[in-house]
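*Asks:* Here's a structure for you.
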Number of protein chains: 2
Amino acid sequence: MSKEKKLRIIPLGGLGEVGKNMMAYEYQDDILVVDAGLMFPENDMLGIDYIIPDFEYLHDKSHRVRGIVITHGHEDHIGAIHHVLERVPAPVYASPLTRGLIEVKLARRGMANKVELNTLRAGETVQIGPFKVETFHVCHSIPDGFGLGITTPAGFVVHTGDFKLDHTPVDGWPTDYAKLAEFSQRGVDILLADSTNAERPGWTPSERVIGPALDRVFEAAPGRIIIATFASLISRMQQVADAAIKHKRKLAFVGTSMVDNAKIARKMGYLQVPDETLVSIEEALNLPDSQVVLMCTGSQGEPSSIIGRLSTGTNRQFDLKAGDTVILSSHPIPGNEEGVSKTINRMLRRGANVIYDAIAPVHVSGHASQEEQKLLLNLVRPKYFIPIHGELRQLTRHAALAREVGIPAENILVIENGQVVELVDGKPRLAERIPGGYVFVEGQSIGEVDDDVMREREKLARSGIFLINLSLDKYSGRLLDEPEIITRGFISPDDAEALIPQVQKRVMEIVNGGGLSQEKVLEDTVRTLLYNETKRRPMVFVTMTKV
Amino acid sequence: MSKEKKLRIIPLGGLGEVGKNMMAYEYQDDILVVDAGLMFPENDMLGIDYIIPDFEYLHDKSHRVRGIVITHGHEDHIGAIHHVLERVPAPVYASPLTRGLIEVKLARRGMANKVELNTLRAGETVQIGPFKVETFHVCHSIPDGFGLGITTPAGFVVHTGDFKLDHTPVDGWPTDYAKLAEFSQRGVDILLADSTNAERPGWTPSERVIGPALDRVFEAAPGRIIIATFASLISRMQQVADAAIKHKRKLAFVGTSMVDNAKIARKMGYLQVPDETLVSIEEALNLPDSQVVLMCTGSQGEPSSIIGRLSTGTNRQFDLKAGDTVILSSHPIPGNEEGVSKTINRMLRRGANVIYDAIAPVHVSGHASQEEQKLLLNLVRPKYFIPIHGELRQLTRHAALAREVGIPAENILVIENGQVVELVDGKPRLAERIPGGYVFVEGQSIGEVDDDVMREREKLARSGIFLINLSLDKYSGRLLDEPEIITRGFISPDDAEALIPQVQKRVMEIVNGGGLSQEKVLEDTVRTLLYNETKRRPMVFVTMTKV
């Protein structure tokens with residue numbers, strides 16, 4: 001019996017939430033993985049460092065994974081690569097720059113020599129098991145990204161990765177329309193396309209608009225210019241370097257990831273900065289302020305980043321001062337708006353002039369807006385469409401756009417992580433659901449922190465804790481000593497001084513009076529007492545020693 | 001010796017942060033208070049119910065407060081009125097609708113008869129001590145709001161309150177340009193104006209655009225329409241009622257605040273809904289879906305609101321179902337973006353069609369954008385300008401706009417809460433700083449939860465707690481029993497099973513080996529052990545009983 005010609009599309013990340021992209025394509029015994037991204041924690045994910053895709057599905061199939069193709073070098077596409085490679089040691093395929101950024105990442109973890117890395121240039125084709133992978137260049141906010149045409153015996157799939165249709169990209173390399181048109185002529189069974197900006201009407205401005213905006217800011221800046229963005233925005237680095245050269249300033253990259261990425265991008269020819277323009281941060285700090293540009297991370301207001309520390313006056317190497325111009329060259333990631341806003345306010349309070357995207361076009365999105373998404377759909381003319389890379393709200397909007405350009409509603413599949421789709425005889429159908437949730441990474445541990453732990457943290461955070469330790473006489477059940485009480489995050493020391501003796505008294509009355517010896521019962525009683533006194537509900541713990 | 005002619009402008013809220021507006025004007029022995037708003041907690045204010053202005057400055061001067069004028073009925077202007085009145089029992093002046101909304105609020109707290117409430121209509125003048133207060137109507141997203149012209153012996157101040165320059169407001173009552181022009185002719189010493197949208201170019205769309213947008217949504221909706229907004233958006237209620245009438249649907253207000261506010265607004269003639277259109281929620285649920293509109297709160301994704309509960313399937317009275325159309329008629333308040341987004345995703349997952357401002361103009365801002373702010377500045381032509389109502393970033397932008405229209409930079413004062421300004425001989429100068437921070441309200445208590453408590457909560461939330469209770473022999477210092485261990489929010493039960501015996505063993509070794517009897521020392525040791533094993537840092541507490 002011959003096996004069915006069936007392609008399984010297995011979304012492990014990036015569908016129904018934004019930020020951690022990972023997709024598996026499975027044909028019979030072979031699996032191709034596309035991307036392995038991470039996502040930064042949301043506000044209610046207390047204590048979490050970051051989140052990686054749940055790729056449990058691959059755990060027992062790692063020997064069947066023929067390759068991992070990475071579309072571009074952003075964290076939400078490469079950030080989990082070391083976690084994935086530890087479990088799934090398959091060869092990795094990436095463009096030169098993407099490969100360079102992966103090498104930096106792996107080297108930091110001592111994994112550089114344990115991994116098979118292959119260079120796959122945009123426009124090239126590689127056969128990975130039964131998957132013929134043809135790459136096509138796409139514009140995005142990092143150079144050297146590509147999308148994929150994947151030919152399998154069960155059908156032809158186009159997977160865009162992140163893209164925009166920038167006609168005047170900074171590196172002069174537009175999205176490969178010809179290849180997409182050629183795919184279209186061949187007949188595309190399913191298109192999977194980036195939905196990030198599906199709620200944004202119009203066309204995303206070209207990266208090129210940032211140049212003149214930077215120009216104006218550089219012209220007006222009396223002192224130092226400090227510009228913050230993501231360490232992976234190589235084209236932004238180029239634009240800042242160009243402005244620095246034009247305005248006769250020296251440029252210093254600050255922070256490990258910024259320095260490392262700039263180094264690799266320069267080495268590989270993706271970033272053109274003459275040696276005489278580049279200085280170290282130490283040199284920069286000794287130059288006159290009007291001759292300095294510092295480029296660093298922290299555009300999302302992360303408290304531990306350089307911008308975060310400058311805003312609170314806790315940076316080690318240098319401080320913010322009046323006359324500084326700070327440029328936040330990025331847009332807040334959903335959930336970071338409040339943090340970014342606070343950071344802006346704090347820097348203004350320190351006398352800096354702060355420029356951000358509401359004031360000048362110092363940032364543009366790297367993702368296609370509605371008109372570009374419609375053009376892509378019309379260029380590729382797929383039979384079926386699966387929106388990827390977005391929360392459900394963006395996926396839903398992208399589906400609506402696809403209907404507008406004439407793809408029948410029944411040919412559009414809005415699915416979330418873990419919902420497997422099977423393409424059989426060129427027709428897709430929903431298959432089983434596999435785990436597709438969050439895997440939390442915190443400290444050393446991966447996935448040990450679960451939703452229950454998170455809920456407990458939330459409870460602890462809401463009203464704090466109240467601990468009571470009792471020593472009882474095991475015969476009489478009476479207290480041998482005053483109850484010991486520890487409280488954190490509940491009330492101020494002043495209030496505690498009034499409340500604690502009251503609780504001690506009440507506990508003594510109860511225990512000595514009726515011989516209450518059950519921790520749980522006593523906890524309930526104290527909980528009620530505290531609620532009546534304060535209308536708050538701290539977590540109450542009673543420990544007892546009977547002697 | 002005659003007293004100096006000095007007006008003190010004392011910002012207690014609303015400058016340098018958004019959401020809790022309160023200003024005091026002090027002339028010699030008399031004080032006038034304008035607004036008494038609250039603010040909802042930000043993401044990092046764990047466990048807090050809401051925040052009120054720090055009006056400690058007034059505590060010992062309450063007998064000198066001649067009146068409290070409320071500009072309009074939104075929570076960020078009236079929400080703290082009961083807290084303020086408890087300390088400062090001065091007469092309150094407000095427009096009919098604002099007064100009605102204040103009455104509802106006070107009645108709920110049994111304070112209705114303890115307060116002197118005065119009706120002050122837009123366009124009227126009232127003398128409050130040495131302050132001649134002339135009100136002028138302003139458009140905003142609630143009817144019957146006004147701004148103030150305040151004549152004092154030390155100068156003439158114009159205080160806008162929240163405003164927009166809507167030429168086609170729903171209630172047909174535009175902002176009172178004539179009065180502003182007249183003020184201008186008289187000569188305005190200081191203008192204090194709403195900065196909320198100072199980062200927004202152009203002109204805020206008229207409330208009127210919402211009508212056609214609702215019309216289109218109503219036309220297409222196959223089943224129930226559930227529309228969420230703030231309970232104080234009376235003009236939105238009017239527009240929904242109009243759409244309901246037009247499309248032959250019955251309207252039910254859902255939730256106490258919605259029902260109460262609609263009732264008072266109808267009674268006072270600010271909301272026109274025929275009796276036959278209005279039904280109770282019980283009646284609505286018995287009608288065919290296509291004949292129903294439900295209007296409720298929860299547009300900010302608050303988990304305990306009706307929309308919040310519908311999104312998680314935990315609403316008591318009715319559930320969301322496929323075919324429902326949900327309209328979020330509001331824009332996320334800064335900090336709520338992530339929560340709103342989650343709520344949208346959850347409702348989509350339940351099969352509802354969700355309409356929000358990125359999809360259709362079902363909401364417009366109630367605040368003036370840049371062109372309106374510039375027009376106001378040019379209409380009023382003040383000598384000096386203080387931007388109010390905004391975070392420092394918006395105040396700074398508003399100041400930049402004022403410079404653009406020709407107000408000299410040195411005549412613009414960007415100040416934050418607590419920075420007193422004195423107007424002497426028509427010239428302002430910075431005076432002392434008074435407390436101007438957050439006052440947290442949580443449960444019964446006001447201001448007892450301070451930053452230290454908040455920091456402890458953050459710590460608890462980050463990695464949980466680890467409690468160890470020991471019973472020791474007081475002579476030998478040896479353990480009488482195995483250490484008792486309780487942990488929350490730290491690790492999953494599975495991991496705890498492996499880790500806890502390890503910790504117990506180590507604690508026993510230490511205590512029994514060296515006679516370690518100091519809680520702090522043992523806590524440090526356990527903290528290190530836990531960090532080495534998990535790379536996490538829970539709060540560790542050791543309690544000891546020596547017997």
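FYI, nothing fancy with the structure tokens labels: chains A, B, ... in order, residues from 1 per chain, ligands from 1 as they appear.
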Counting only C-alpha atoms, which residues of chain A fall within 7 Å of chain B, and what is the closest atom pair for each with its distance in Å at one decimal, ordered by chain and rising number, as CSV?
*Replies:*
residue,atom,partner,partner_atom,distance
A:Asn43,CA,B:Asn43,CA,7.0
A:Leu46,CA,B:Arg462,CA,5.3
A:Gly47,CA,B:Arg462,CA,3.9
A:Glu199,CA,B:Ala358,CA,6.0
A:Pro334,CA,B:Glu338,CA,6.2
A:Gly335,CA,B:Glu338,CA,4.9
A:Glu337,CA,B:Gly335,CA,6.3
A:Glu338,CA,B:Gly335,CA,4.9
A:Ile344,CA,B:Arg393,CA,6.7
A:Asn345,CA,B:Leu392,CA,5.3
A:Ala358,CA,B:Glu199,CA,6.0
A:Ile359,CA,B:Glu199,CA,6.9
A:Leu392,CA,B:Asn345,CA,5.3
A:Arg393,CA,B:Asn345,CA,5.6
A:Gly443,CA,B:Lys535,CA,4.5
A:Gln444,CA,B:Lys535,CA,5.4
A:Ser445,CA,B:Thr534,CA,6.5
A:Glu448,CA,B:Ser492,CA,6.1
A:Val449,CA,B:Ile491,CA,5.9
A:Asp450,CA,B:Ser492,CA,6.6
A:Val453,CA,B:Gly489,CA,4.5
A:Met454,CA,B:Gly489,CA,6.2
A:Glu456,CA,B:Gly489,CA,4.7
A:Arg457,CA,B:Ala461,CA,4.6
A:Glu458,CA,B:Ala461,CA,6.2
A:Leu460,CA,B:Leu460,CA,5.9
A:Ala461,CA,B:Arg457,CA,4.6
A:Arg462,CA,B:Gly47,CA,4.0
A:Ser463,CA,B:Gly47,CA,5.8
A:Gly464,CA,B:Arg457,CA,5.8
A:Asn469,CA,B:Thr543,CA,6.9
A:Ser471,CA,B:Thr545,CA,6.5
A:Arg488,CA,B:Glu456,CA,6.1
A:Gly489,CA,B:Val453,CA,4.5
A:Phe490,CA,B:Val453,CA,6.4
A:Ile491,CA,B:Val449,CA,6.0
A:Ser492,CA,B:Val449,CA,6.1
A:Thr534,CA,B:Gln444,CA,5.6
A:Lys535,CA,B:Gly443,CA,4.5
A:Arg536,CA,B:Gly443,CA,5.8
A:Thr543,CA,B:Asn469,CA,6.9
A:Thr545,CA,B:Ser471,CA,6.5
*Asks:* As a ChimeraX atom specification, please: all residues of segment 161-396 of chain B that backbone DSSP puts in strand (DSSP E).
*Replies:* /B:190-194,225-228,250-253,292-296,325-328,353-355,384-388,390-391
*Asks:* Would you kindly return, as a list of chain:residue names, each protein, DNA or RNA residue with an atom no farther than 9 Å from any atom of His247 of chain A, considering only C-alpha atoms and excluding same-chain residues fewer than 2 positions away?
*Replies:*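 Near His247 of chain A, the qualifying residues are A:Asp215, A:Phe218, A:Glu219, A:Asp242, A:Ala243, A:Ala244, A:Ile245, A:Arg249, A:Gln291.
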*Asks:* Would you mind telling me which residue in B:Arg87, B:Arg266, B:Arg506, B:Lys427 lies nearest to Glu56 of chain B when using only C-alpha atoms?
*Replies:*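 Of B:Arg87, B:Arg266, B:Arg506, B:Lys427, the one nearest Glu56 of chain B is B:Arg87, counting only C-alpha atoms.
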*Asks:* Looking at only C-alpha atoms, which of A:Asp166, A:Glu103, A:Asp194, A:Asp29 is the one that sits closest to His389 of chain A?
*Replies:*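 Nearest candidate to His389 of chain A out of A:Asp166, A:Glu103, A:Asp194, A:Asp29: A:Asp194.
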*Asks:* Using only C-alpha atoms, which of A:His363, A:Lys114, A:Lys250, A:Arg316 sits nearest Ala228 of chain A?
*Replies:*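 Closest candidate: A:His363.
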*Asks:* Neighbours of Val405 of chain A within 9 Å (only C-alpha atoms; same-chain residues fewer than 4 positions away dropped), as a list in words?
*Replies:* Lys374, Leu375, Leu377, Asn378, Ala400 and Leu401 of chain A
*Asks:* Report as a list in words all protein, DNA and RNA residues lying within 8 Å of Pro169 of chain A, evaluated on only C-alpha atoms, omitting residues in the same chain fewer than 5 positions from it.
*Replies:*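 That gives Cys139, Pro174, Ser206, Glu207 and Arg208 of chain A.
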*Asks:* Residues at most 8 Å from Glu116 of chain B, counting only C-alpha atoms, excluding those fewer than 4 positions away in the same chain, as an NGL selection string?
*Replies:* :B and (90-92)
*Asks:* For segment 418-425 of chain A, work out the shell of residues within 8 Å, counting only C-alpha atoms and skipping chain neighbours fewer than 2 positions away, then give it as a list in words.
*Replies:*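 Listed by chain and then number, they are Glu4, Lys5, Lys6, Leu7, Arg8, Ile9, Ile10, Pro11, Leu12, Gly13, Ala154, Gly155, Ile415, Glu416, Lys427, Pro428, Arg429, Leu430, Ala431, Glu432, Arg433, Ile434, Pro435, Gly436 and Gly437 of chain A.
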*Asks:* Keeping only C-alpha atoms, write those residues as an mmCIF file, in the first residue's frame.
*Replies:*
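After the write, part_15.cif holds the following:
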data_model
loop_
_atom_site.group_PDB
_atom_site.id
_atom_site.type_symbol
_atom_site.label_atom_id
_atom_site.label_comp_id
_atom_site.auth_asym_id
_atom_site.auth_seq_id
_atom_site.Cartn_x
_atom_site.Cartn_y
_atom_site.Cartn_z
ATOM 1 C CA GLU A 4 -1.036 8.961 0.993
ATOM 2 C CA LYS A 5 0.337 12.146 -0.543
ATOM 3 C CA LYS A 6 -0.246 14.279 2.516
ATOM 4 C CA LEU A 7 1.549 17.403 3.663
ATOM 5 C CA ARG A 8 0.998 18.264 7.303
ATOM 6 C CA ILE A 9 1.354 21.920 8.275
ATOM 7 C CA ILE A 10 2.050 22.147 11.983
ATOM 8 C CA PRO A 11 2.051 25.608 13.526
ATOM 9 C CA LEU A 12 4.196 25.538 16.661
ATOM 10 C CA GLY A 13 4.304 29.302 17.099
ATOM 11 C CA ALA A 154 1.405 16.890 -1.939
ATOM 12 C CA GLY A 155 1.412 20.484 -3.125
ATOM 13 C CA ILE A 415 -6.009 28.740 12.791
ATOM 14 C CA GLU A 416 -4.005 29.096 15.967
ATOM 15 C CA LYS A 427 -6.918 20.423 -0.626
ATOM 16 C CA PRO A 428 -6.394 21.422 2.993
ATOM 17 C CA ARG A 429 -8.395 20.122 5.932
ATOM 18 C CA LEU A 430 -8.194 20.648 9.662
ATOM 19 C CA ALA A 431 -6.496 17.723 11.393
ATOM 20 C CA GLU A 432 -5.813 17.128 15.070
ATOM 21 C CA ARG A 433 -4.723 19.685 17.637
ATOM 22 C CA ILE A 434 -1.342 19.286 19.277
ATOM 23 C CA PRO A 435 0.042 21.227 22.259
ATOM 24 C CA GLY A 436 0.582 24.774 21.094
ATOM 25 C CA GLY A 437 0.840 26.857 24.211
#
*Asks:* Enumerate, as an MDAnalysis selection string, the complete set of residues in segment 219-374 of chain B that a backbone-based DSSP assignment places in helix (DSSP H, G or I).
*Replies:* chainID B and resid 219:220 234:246 256:267 281:286 289:291 306:312 337:349 370:374
*Asks:* Could you tell me which of A:Ile307, A:Gly269, A:Asp275, A:Glu182 comes closest to Leu379 of chain A if we count only C-alpha atoms?
*Replies:*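 Distance minimum relative to Leu379 of chain A lands on A:Glu182.
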